[in-house]
file model-v1.txt (compact mmCIF, N, CA and C atoms)
# COMPACT_ATOMS: atom_id res chain seq x y z
N MET A 1 0.84 -1.16 0.00
CA MET A 1 0.00 0.00 0.00
C MET A 1 0.89 1.24 0.00
N THR A 2 0.53 2.18 -0.79
CA THR A 2 1.25 3.44 -0.83
C THR A 2 0.88 4.24 0.40
N ALA A 3 1.88 4.85 1.03
CA ALA A 3 1.63 5.62 2.24
C ALA A 3 2.59 6.79 2.34
N TYR A 4 2.14 7.84 3.00
CA TYR A 4 3.00 8.95 3.35
C TYR A 4 3.61 8.64 4.72
N VAL A 5 4.91 8.69 4.82
CA VAL A 5 5.59 8.43 6.08
C VAL A 5 6.37 9.68 6.44
N GLY A 6 6.06 10.25 7.59
CA GLY A 6 6.74 11.44 8.07
C GLY A 6 7.06 11.28 9.54
N LYS A 7 7.53 12.33 10.14
CA LYS A 7 7.88 12.29 11.55
C LYS A 7 6.62 11.98 12.38
N SER A 8 6.63 10.82 13.03
CA SER A 8 5.54 10.39 13.92
C SER A 8 4.21 10.18 13.21
N ILE A 9 4.23 9.93 11.89
CA ILE A 9 2.97 9.71 11.18
C ILE A 9 3.16 8.76 10.00
N VAL A 10 2.19 7.88 9.85
CA VAL A 10 2.08 7.04 8.66
C VAL A 10 0.64 7.18 8.21
N ARG A 11 0.46 7.67 6.99
CA ARG A 11 -0.89 7.90 6.48
C ARG A 11 -1.06 7.18 5.15
N PRO A 12 -1.98 6.21 5.08
CA PRO A 12 -2.22 5.54 3.80
C PRO A 12 -2.76 6.52 2.77
N MET A 13 -2.39 6.29 1.52
CA MET A 13 -2.87 7.15 0.44
C MET A 13 -3.94 6.40 -0.34
N ALA A 14 -5.01 7.10 -0.64
CA ALA A 14 -6.11 6.49 -1.39
C ALA A 14 -5.64 6.08 -2.78
N ILE A 15 -6.07 4.90 -3.20
CA ILE A 15 -5.69 4.41 -4.52
C ILE A 15 -6.90 4.19 -5.41
N GLY A 16 -8.09 4.46 -4.90
CA GLY A 16 -9.30 4.26 -5.68
C GLY A 16 -9.89 2.88 -5.42
N SER A 17 -10.80 2.50 -6.25
CA SER A 17 -11.48 1.22 -6.10
C SER A 17 -10.53 0.06 -6.38
N VAL A 18 -10.72 -1.00 -5.62
CA VAL A 18 -9.95 -2.22 -5.84
C VAL A 18 -10.81 -3.17 -6.67
N PRO A 19 -10.30 -3.69 -7.78
CA PRO A 19 -11.08 -4.62 -8.60
C PRO A 19 -11.49 -5.85 -7.79
N ASP A 20 -12.64 -6.41 -8.09
CA ASP A 20 -13.18 -7.55 -7.33
C ASP A 20 -12.19 -8.70 -7.23
N HIS A 21 -11.51 -9.04 -8.34
CA HIS A 21 -10.59 -10.18 -8.30
C HIS A 21 -9.43 -9.92 -7.33
N ALA A 22 -8.97 -8.69 -7.27
CA ALA A 22 -7.88 -8.34 -6.36
C ALA A 22 -8.39 -8.27 -4.92
N LEU A 23 -9.59 -7.76 -4.74
CA LEU A 23 -10.17 -7.67 -3.40
C LEU A 23 -10.36 -9.05 -2.80
N GLY A 24 -10.80 -10.00 -3.60
CA GLY A 24 -10.96 -11.37 -3.12
C GLY A 24 -9.64 -11.95 -2.64
N LEU A 25 -8.58 -11.74 -3.40
CA LEU A 25 -7.26 -12.22 -3.01
C LEU A 25 -6.78 -11.53 -1.74
N MET A 26 -6.99 -10.23 -1.65
CA MET A 26 -6.59 -9.49 -0.45
C MET A 26 -7.30 -10.01 0.79
N LYS A 27 -8.58 -10.29 0.67
CA LYS A 27 -9.35 -10.81 1.81
C LYS A 27 -8.88 -12.20 2.20
N GLN A 28 -8.56 -13.03 1.21
CA GLN A 28 -8.08 -14.39 1.49
C GLN A 28 -6.74 -14.34 2.24
N VAL A 29 -5.84 -13.51 1.79
CA VAL A 29 -4.53 -13.39 2.44
C VAL A 29 -4.69 -12.80 3.84
N LYS A 30 -5.60 -11.84 4.01
CA LYS A 30 -5.84 -11.25 5.33
C LYS A 30 -6.37 -12.30 6.30
N GLU A 31 -7.26 -13.16 5.84
CA GLU A 31 -7.78 -14.22 6.71
C GLU A 31 -6.68 -15.21 7.07
N TYR A 32 -5.79 -15.52 6.13
CA TYR A 32 -4.62 -16.35 6.41
C TYR A 32 -3.80 -15.71 7.53
N GLU A 33 -3.58 -14.41 7.44
CA GLU A 33 -2.80 -13.70 8.46
C GLU A 33 -3.50 -13.75 9.82
N ARG A 34 -4.81 -13.54 9.84
CA ARG A 34 -5.56 -13.58 11.11
C ARG A 34 -5.48 -14.95 11.76
N LEU A 35 -5.66 -15.99 10.96
CA LEU A 35 -5.59 -17.36 11.49
C LEU A 35 -4.19 -17.70 11.97
N THR A 36 -3.17 -17.19 11.28
CA THR A 36 -1.79 -17.41 11.71
C THR A 36 -1.54 -16.78 13.07
N ILE A 37 -2.02 -15.57 13.26
CA ILE A 37 -1.88 -14.90 14.55
C ILE A 37 -2.63 -15.67 15.63
N GLU A 38 -3.85 -16.09 15.33
CA GLU A 38 -4.63 -16.86 16.29
C GLU A 38 -3.91 -18.15 16.68
N ALA A 39 -3.34 -18.84 15.69
CA ALA A 39 -2.60 -20.08 15.96
C ALA A 39 -1.41 -19.81 16.88
N ALA A 40 -0.70 -18.72 16.61
CA ALA A 40 0.47 -18.38 17.44
C ALA A 40 0.06 -18.03 18.86
N LEU A 41 -1.03 -17.29 19.01
CA LEU A 41 -1.47 -16.87 20.34
C LEU A 41 -2.06 -18.01 21.17
N THR A 42 -2.73 -18.94 20.49
CA THR A 42 -3.39 -20.03 21.20
C THR A 42 -2.56 -21.31 21.23
N GLY A 43 -1.54 -21.38 20.37
CA GLY A 43 -0.73 -22.60 20.28
C GLY A 43 -1.46 -23.73 19.58
N SER A 44 -2.41 -23.40 18.72
CA SER A 44 -3.23 -24.42 18.05
C SER A 44 -2.58 -24.92 16.75
N TYR A 45 -2.20 -26.19 16.76
CA TYR A 45 -1.64 -26.82 15.56
C TYR A 45 -2.68 -26.82 14.44
N GLN A 46 -3.92 -27.19 14.78
CA GLN A 46 -4.97 -27.28 13.77
C GLN A 46 -5.24 -25.92 13.13
N ARG A 47 -5.24 -24.85 13.93
CA ARG A 47 -5.47 -23.52 13.40
C ARG A 47 -4.32 -23.11 12.47
N ALA A 48 -3.10 -23.50 12.82
CA ALA A 48 -1.94 -23.20 11.97
C ALA A 48 -2.06 -23.91 10.62
N VAL A 49 -2.51 -25.16 10.63
CA VAL A 49 -2.73 -25.89 9.38
C VAL A 49 -3.82 -25.21 8.56
N GLN A 50 -4.90 -24.83 9.22
CA GLN A 50 -5.99 -24.13 8.51
C GLN A 50 -5.50 -22.84 7.88
N ALA A 51 -4.68 -22.10 8.62
CA ALA A 51 -4.14 -20.84 8.09
C ALA A 51 -3.33 -21.10 6.83
N LEU A 52 -2.40 -22.03 6.90
CA LEU A 52 -1.57 -22.33 5.73
C LEU A 52 -2.40 -22.83 4.56
N ALA A 53 -3.40 -23.66 4.84
CA ALA A 53 -4.25 -24.20 3.77
C ALA A 53 -5.04 -23.09 3.07
N LEU A 54 -5.31 -22.01 3.78
CA LEU A 54 -6.06 -20.90 3.19
C LEU A 54 -5.19 -20.02 2.30
N HIS A 55 -3.87 -20.07 2.48
CA HIS A 55 -2.98 -19.23 1.67
C HIS A 55 -3.11 -19.62 0.20
N PRO A 56 -3.20 -18.63 -0.69
CA PRO A 56 -3.44 -18.93 -2.11
C PRO A 56 -2.32 -19.72 -2.79
N LEU A 57 -1.12 -19.76 -2.22
CA LEU A 57 -0.03 -20.53 -2.83
C LEU A 57 0.06 -21.96 -2.31
N VAL A 58 -0.79 -22.32 -1.36
CA VAL A 58 -0.79 -23.68 -0.80
C VAL A 58 -2.02 -24.41 -1.37
N PRO A 59 -1.79 -25.49 -2.13
CA PRO A 59 -2.88 -26.11 -2.88
C PRO A 59 -3.85 -26.99 -2.08
N SER A 60 -3.48 -27.42 -0.87
CA SER A 60 -4.38 -28.31 -0.14
C SER A 60 -4.02 -28.34 1.35
N GLN A 61 -4.94 -28.90 2.13
CA GLN A 61 -4.70 -29.01 3.57
C GLN A 61 -3.58 -30.02 3.84
N SER A 62 -3.47 -31.06 3.06
CA SER A 62 -2.39 -32.04 3.28
C SER A 62 -1.02 -31.41 3.01
N ILE A 63 -0.93 -30.56 2.00
CA ILE A 63 0.33 -29.85 1.73
C ILE A 63 0.61 -28.85 2.85
N ALA A 64 -0.44 -28.18 3.34
CA ALA A 64 -0.27 -27.24 4.45
C ALA A 64 0.31 -27.96 5.67
N LYS A 65 -0.19 -29.16 5.94
CA LYS A 65 0.32 -29.95 7.08
C LYS A 65 1.79 -30.30 6.86
N GLN A 66 2.15 -30.69 5.64
CA GLN A 66 3.55 -31.00 5.34
C GLN A 66 4.45 -29.77 5.54
N ILE A 67 3.97 -28.62 5.10
CA ILE A 67 4.74 -27.38 5.26
C ILE A 67 4.93 -27.07 6.73
N LEU A 68 3.85 -27.13 7.50
CA LEU A 68 3.92 -26.82 8.92
C LEU A 68 4.84 -27.80 9.65
N ASP A 69 4.70 -29.08 9.36
CA ASP A 69 5.57 -30.08 9.99
C ASP A 69 7.04 -29.83 9.63
N GLY A 70 7.29 -29.40 8.40
CA GLY A 70 8.65 -29.08 7.98
C GLY A 70 9.20 -27.88 8.73
N TYR A 71 8.37 -26.85 8.94
CA TYR A 71 8.78 -25.68 9.72
C TYR A 71 9.17 -26.11 11.13
N ILE A 72 8.31 -26.92 11.73
CA ILE A 72 8.54 -27.36 13.11
C ILE A 72 9.82 -28.17 13.20
N GLU A 73 10.01 -29.07 12.26
CA GLU A 73 11.22 -29.90 12.26
C GLU A 73 12.49 -29.06 12.03
N ALA A 74 12.42 -28.14 11.09
CA ALA A 74 13.60 -27.36 10.73
C ALA A 74 13.97 -26.31 11.78
N HIS A 75 12.98 -25.77 12.47
CA HIS A 75 13.25 -24.65 13.36
C HIS A 75 13.13 -24.99 14.84
N GLY A 76 12.75 -26.20 15.14
CA GLY A 76 12.74 -26.72 16.50
C GLY A 76 12.34 -25.73 17.57
N THR A 77 13.27 -25.37 18.43
CA THR A 77 12.96 -24.54 19.58
C THR A 77 12.62 -23.10 19.22
N LEU A 78 12.96 -22.67 18.02
CA LEU A 78 12.63 -21.31 17.59
C LEU A 78 11.18 -21.20 17.16
N PHE A 79 10.55 -22.34 16.89
CA PHE A 79 9.17 -22.35 16.41
C PHE A 79 8.25 -22.48 17.62
N PRO A 80 7.11 -21.78 17.63
CA PRO A 80 6.20 -21.88 18.78
C PRO A 80 5.72 -23.31 18.98
N THR A 81 5.51 -23.67 20.23
CA THR A 81 4.96 -24.98 20.55
C THR A 81 3.49 -25.00 20.17
N LEU A 82 3.12 -25.95 19.34
CA LEU A 82 1.71 -26.08 18.92
C LEU A 82 1.19 -27.42 19.41
N ARG A 83 -0.05 -27.41 19.81
CA ARG A 83 -0.67 -28.66 20.26
C ARG A 83 -1.98 -28.91 19.57

call {"tool": "encode", "arguments": {"input": "model-v1.txt", "output": "structure tokens"}}
result
Amino acid sequence: MTAYVGKSIVRPMAIGSVPDHALGLMKQVKEYERLTIEAALTGSYQRAVQALALHPLVPSQSIAKQILDGYIEAHGTLFPTLR
């Protein structure tokens, strides 16, 4: 998003109407972000899988699970504990 950034202020700049196809993608990615935050705050493994599965670049829930399990395996103690 285009924004004006100055001393102690960040102000988004209007860009006009967002086309429906782009708005749909923006909403999908925003919901992915919300679910990711919820998973991190609650420690929910299932919510983390749901979040990844919702991302437009992840083709299925089974792939999302593989990605999440790979993150957990690769990052061990740096990755939040999920149950």

call {"tool": "residues_around", "arguments": {"input": "model-v1.txt", "residues": "stretch 12-14 of chain A", "least_positions_apart": "6", "cutoff": "12 Å", "atoms": "only C-alpha atoms", "output": "MDAnalysis selection string"}}
result
chainID A and resid 1:6

call {"tool": "residues_around", "arguments": {"input": "model-v1.txt", "residues": "A:Ala48", "least_positions_apart": "5", "cutoff": "6.5 Å", "atoms": "only N, CA and C atoms", "output": "ChimeraX atom specification"}}
result
/A:35-36,39,53

call {"tool": "closest_residue", "arguments": {"input": "model-v1.txt", "among": "A:Ala51, A:Gly16, A:Ser44, A:Val10", "to": "A:Glu31", "atoms": "only N, CA and C atoms"}}
result
A:Ala51

call {"tool": "closest_residue", "arguments": {"input": "model-v1.txt", "among": "A:Ile15, A:Ile9, A:Ile67, A:Leu52", "to": "A:Val29", "atoms": "only C-alpha atoms"}}
result
A:Leu52

call {"tool": "residues_around", "arguments": {"input": "model-v1.txt", "residues": "A:Ser62", "least_positions_apart": "4", "cutoff": "12 Å", "atoms": "only C-alpha atoms", "output": "list in words"}}
result
Gln46, Val49, Gln50, Leu52, Ala53, Leu54, Val58, Gln66, Ile67, Leu68 and Asp69 of chain A

call {"tool": "atom_distance", "arguments": {"input": "model-v1.txt", "atom1": "atom N of A:Gly24", "atom2": "atom C of A:Pro59"}}
result
18.4 Å

call {"tool": "atom_distance", "arguments": {"input": "model-v1.txt", "atom1": "atom CA of A:His75", "atom2": "atom CA of A:Glu33"}}
result
20.0 Å

call {"tool": "select_by_dssp", "arguments": {"input": "model-v1.txt", "residues": "chain A", "states": "alpha helix (DSSP H)", "output": "PyMOL selection string"}}
result
chain A and resi 20-42+45-54+61-75

call {"tool": "atom_distance", "arguments": {"input": "model-v1.txt", "atom1": "atom C of A:Phe79", "atom2": "atom N of A:Gln28"}}
result
25.3 Å

call {"tool": "residues_around", "arguments": {"input": "model-v1.txt", "residues": "A:Pro80", "least_positions_apart": "2", "cutoff": "10 Å", "atoms": "only C-alpha atoms", "output": "PyMOL selection string"}}
result
chain A and resi 39-41+43-45+72+75-78+82-83

call {"tool": "select_by_dssp", "arguments": {"input": "model-v1.txt", "residues": "stretch 6-50 of chain A", "states": "strand (DSSP E or B)", "output": "list in words"}}
result
Gly6, Ile9, Val10, Arg11 and Pro12 of chain A

call {"tool": "axis_aligned_box", "arguments": {"input": "model-v1.txt", "around": "stretch 37-43 of chain A", "padding_each_side": "8 Å", "output": "JSON"}}
result
{"center_x": -2.1, "center_y": -19.3, "center_z": 17.2, "size_x": 21.1, "size_y": 24.8, "size_z": 24.0}
